[in-house]
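Novice: Please find one structure pasted underneath; my questions will follow.
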Amino acid sequence: AGGRGKAGGIKIAKNHDELIKGVKEILGKTLITKQTGPKGKKVKRLYIEEVSEIKNEFYLSCLIDRSTSKIAFISSTEGGMDIEKVAEETPDKIIKVWVDPLSGLQDNQIKILADGLGFEGDLFDQASDVFQKLYKCYVEKDTSLLEINPLVRTEDNNVVALDSKFNFD
């Protein structure tokens with residue numbers, strides 16, 4: 001479910017002791033977010049990943065736009081935020097491209113997304129790889145929503161997907 005961080009479902013540990021403490025605080029507990037409903041969801045497993053030194057956070061998603069019968073890529077420089085709030089308050093910070101499923105994700109569409117997020121040079125190549133893999137996964141797995149939030153640029157100039165949401169039929 002989205003909103004895990006705001007609900008206390010994401011912990012940052014600086015050492016092994018803090019990791020064990022965080023695991024005990026979360027595992028087996030009921031996490032309540034806007035997306036779980038008031039009953040929440042019991043935490044049955046944890047994903048532990050290396051801490052990233054984050055320079056910038058971005059939002060990236062792929063979903064079906066029923067009004068156009070195309071796949072919409074939606075991105076924003078405002079990753080880590082409630083994307084609905086960003087769209088409502090600052091719609092100019094939302095970048096969209098529509099992909100025809102018959103022709104697939106095109107180079108010019110990748111450029112629009114990358115330019116909108118400020119990815120140039122090596123960052124462009126890394127972001128392009130992420131966009132292409134996101135699209136491939138979306139199509140191959142019959143996905144209804146595939147979201148990366150946040151997609152980050154690290155201090156050492158790498159593009160990394162830190163968290164995602166994946167809905168499929």
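Ordered as shown in the structure tokens, chains take letters A, B, and onward, while each chain numbers its residues from 1 and ligands are numbered from 1 in the order shown.
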If DSSP is run on the backbone, what residues of stretch 24-148 of chain A are strand (DSSP E or B)? A reply as a PyMOL selection string would be ideal.
Specialist: chain A and resi 30-31+41-42+54-65+70-76+94-99+143-148
Novice: For A:Pro101, work out the shell of residues within 9 Å, counting only C-alpha atoms and skipping chain neighbours fewer than 6 positions away, then give it as an MDAnalysis selection string.
Specialist: chainID A and resid 69:71 139
Novice: Calculated over only C-alpha atoms, which of the candidates A:Ala13, A:Leu151, A:Ala87, A:Leu27 has the smallest distance to A:Asn56?
Specialist: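 The answer is A:Leu151, which sits nearest to A:Asn56.
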Novice: Please list as JSON, numbers by chain every residue within 9 Å of A:Asn157, counting only C-alpha atoms and excluding residues in the same chain fewer than 2 positions away.
Specialist: {"A": [55, 122, 123, 153, 154, 155, 159]}
Novice: Keeping all heavy atoms for every residue in the selection just given, could you write it to a file as a tab-separated table (two decimals), in the first residue's frame?
Specialist:
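Result file is again_8.tsv:
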```tsv
chain	number	residue	atom	x	y	z
A	55	LYS	N	20.13	12.69	-3.77
A	55	LYS	CA	20.30	14.08	-4.21
A	55	LYS	C	18.96	14.66	-4.63
A	55	LYS	O	18.64	15.79	-4.31
A	55	LYS	CB	21.32	14.15	-5.35
A	55	LYS	CG	21.67	15.55	-5.76
A	55	LYS	CD	22.85	15.57	-6.72
A	55	LYS	CE	23.30	17.00	-6.95
A	55	LYS	NZ	24.53	17.04	-7.73
A	122	ASP	N	25.11	10.74	-18.72
A	122	ASP	CA	25.01	9.39	-18.18
A	122	ASP	C	23.68	9.18	-17.46
A	122	ASP	O	23.12	8.10	-17.49
A	122	ASP	CB	26.18	9.12	-17.22
A	122	ASP	CG	26.18	7.69	-16.71
A	122	ASP	OD1	26.05	6.76	-17.55
A	122	ASP	OD2	26.27	7.48	-15.48
A	123	LEU	N	23.15	10.23	-16.83
A	123	LEU	CA	21.85	10.11	-16.16
A	123	LEU	C	20.75	9.83	-17.18
A	123	LEU	O	19.82	9.08	-16.89
A	123	LEU	CB	21.53	11.37	-15.36
A	123	LEU	CG	22.37	11.60	-14.11
A	123	LEU	CD1	22.06	12.97	-13.52
A	123	LEU	CD2	22.11	10.51	-13.09
A	153	ARG	N	17.93	10.21	-7.82
A	153	ARG	CA	19.29	10.47	-8.30
A	153	ARG	C	20.13	10.51	-7.04
A	153	ARG	O	19.86	11.28	-6.12
A	153	ARG	CB	19.37	11.80	-9.02
A	153	ARG	CG	20.78	12.21	-9.39
A	153	ARG	CD	20.79	13.59	-10.00
A	153	ARG	NE	22.14	13.97	-10.35
A	153	ARG	CZ	22.47	15.17	-10.75
A	153	ARG	NH1	21.55	16.12	-10.85
A	153	ARG	NH2	23.72	15.45	-11.06
A	154	THR	N	21.13	9.63	-6.98
A	154	THR	CA	21.97	9.57	-5.79
A	154	THR	C	23.09	10.61	-5.88
A	154	THR	O	23.36	11.17	-6.95
A	154	THR	CB	22.59	8.17	-5.62
A	154	THR	OG1	23.43	7.89	-6.73
A	154	THR	CG2	21.51	7.11	-5.48
A	155	GLU	N	23.73	10.83	-4.76
A	155	GLU	CA	24.84	11.79	-4.72
A	155	GLU	C	25.97	11.39	-5.66
A	155	GLU	O	26.69	12.25	-6.16
A	155	GLU	CB	25.38	11.93	-3.29
A	155	GLU	CG	24.44	12.65	-2.34
A	155	GLU	CD	24.31	14.16	-2.62
A	155	GLU	OE1	25.13	14.73	-3.36
A	155	GLU	OE2	23.35	14.76	-2.09
A	159	VAL	N	20.83	6.53	-11.01
A	159	VAL	CA	19.37	6.56	-10.98
A	159	VAL	C	18.92	5.23	-10.37
A	159	VAL	O	19.26	4.17	-10.87
A	159	VAL	CB	18.79	6.74	-12.40
A	159	VAL	CG1	17.27	6.67	-12.36
A	159	VAL	CG2	19.25	8.06	-12.99
```
Novice: Any idea what the distance is between atom CA of A:Glu49 and atom CA of A:Glu84?
Specialist: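 Atom-to-atom, atom CA of A:Glu49 to atom CA of A:Glu84, that is 26.9 Å.
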Novice: List as an mmCIF file with C-alpha atoms, in the first residue's frame the protein and nucleic acid residues near A:Thr68, meaning an atom at most 10 Å away when only C-alpha atoms are counted, but skip any in the same chain fewer than 4 places from it.
Specialist:
```
data_model
loop_
_atom_site.group_PDB
_atom_site.id
_atom_site.type_symbol
_atom_site.label_atom_id
_atom_site.label_comp_id
_atom_site.auth_asym_id
_atom_site.auth_seq_id
_atom_site.Cartn_x
_atom_site.Cartn_y
_atom_site.Cartn_z
ATOM 1 C CA ILE A 64 -3.594 2.725 -18.879
ATOM 2 C CA ALA A 72 0.376 6.906 -19.971
ATOM 3 C CA TRP A 98 1.077 8.609 -24.106
ATOM 4 C CA VAL A 99 2.435 5.429 -25.642
ATOM 5 C CA ASP A 100 0.585 3.635 -28.410
#
```
Novice: Env of A:Lys29: 10 Å cut, atoms = only C-alpha atoms, seq-sep filter 3 positions within chain, self excluded. Answer as a PyMOL selection string.
Specialist: chain A and resi 9+24-26+32+40-44
Novice: Could you pull out the helix (DSSP H, G or I) residues of chain A from DSSP and send them as an NGL selection string?
Specialist: :A and (16-26 or 83-89 or 91-93 or 107-117 or 122-140)
Novice: So which one's closest to A:Thr77, A:Leu63, A:Leu134, A:Leu162, A:Ala114? Using only C-alpha atoms, please.
Specialist: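 Selected residue with least distance to A:Thr77: A:Ala114.
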Novice: Do you know which residues are at most 12 Å from A:Ser128 counting only C-alpha atoms, after dropping those on the same chain fewer than 2 positions away, and could you put them as a list of chain:residue names?
Specialist: A:Leu105, A:Gln106, A:Asp107, A:Asn108, A:Gln109, A:Ile110, A:Lys111, A:Ile112, A:Leu113, A:Ala114, A:Asp115, A:Leu117, A:Phe119, A:Glu120, A:Gly121, A:Asp122, A:Leu123, A:Phe124, A:Asp125, A:Gln126, A:Val130, A:Phe131, A:Gln132, A:Lys133, A:Leu134, A:Tyr135, A:Val159
Novice: Which polymer residues have any atom within 10 Å of an atom of A:Ile48, counting only C-alpha atoms, with same-chain residues fewer than 3 positions away left out, as a VMD selection string?
Specialist: chain A and resid 10 to 13 19 23 45 51
Novice: With C-alpha atoms retained, export the selected residues as a compact mmCIF listing (two decimals), in the first residue's frame.
Specialist:
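Once written, again-v9.txt looks like this:
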```
# COMPACT_ATOMS: atom_id res chain seq x y z
CA ILE A 10 9.73 2.66 6.57
CA LYS A 11 12.68 2.86 8.93
CA ILE A 12 16.25 3.99 8.34
CA ALA A 13 18.87 2.16 10.36
CA LEU A 19 17.96 -2.50 12.10
CA VAL A 23 12.27 -4.87 12.42
CA ARG A 45 7.46 -9.41 5.33
CA VAL A 51 20.56 3.30 2.31
```
Novice: To one decimal in Å, tell me the separation between atom CA of A:Leu60 and atom CA of A:Ile148.
Specialist: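 Between atom CA of A:Leu60 and atom CA of A:Ile148 the gap works out to 5.2 Å.
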Novice: In terms of the shortest atom-to-atom distance over only C-alpha atoms, which of A:Pro38, A:Gly116, A:Gly2, A:Gly104 is closest to A:Glu78?
Specialist: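 Answer, going by the shortest atom-to-atom distance: A:Gly116.
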Novice: Closest to A:Leu46 among A:Ser67, A:Gly28, A:Ser164, A:Leu102, using only C-alpha atoms?
Specialist: A:Gly28
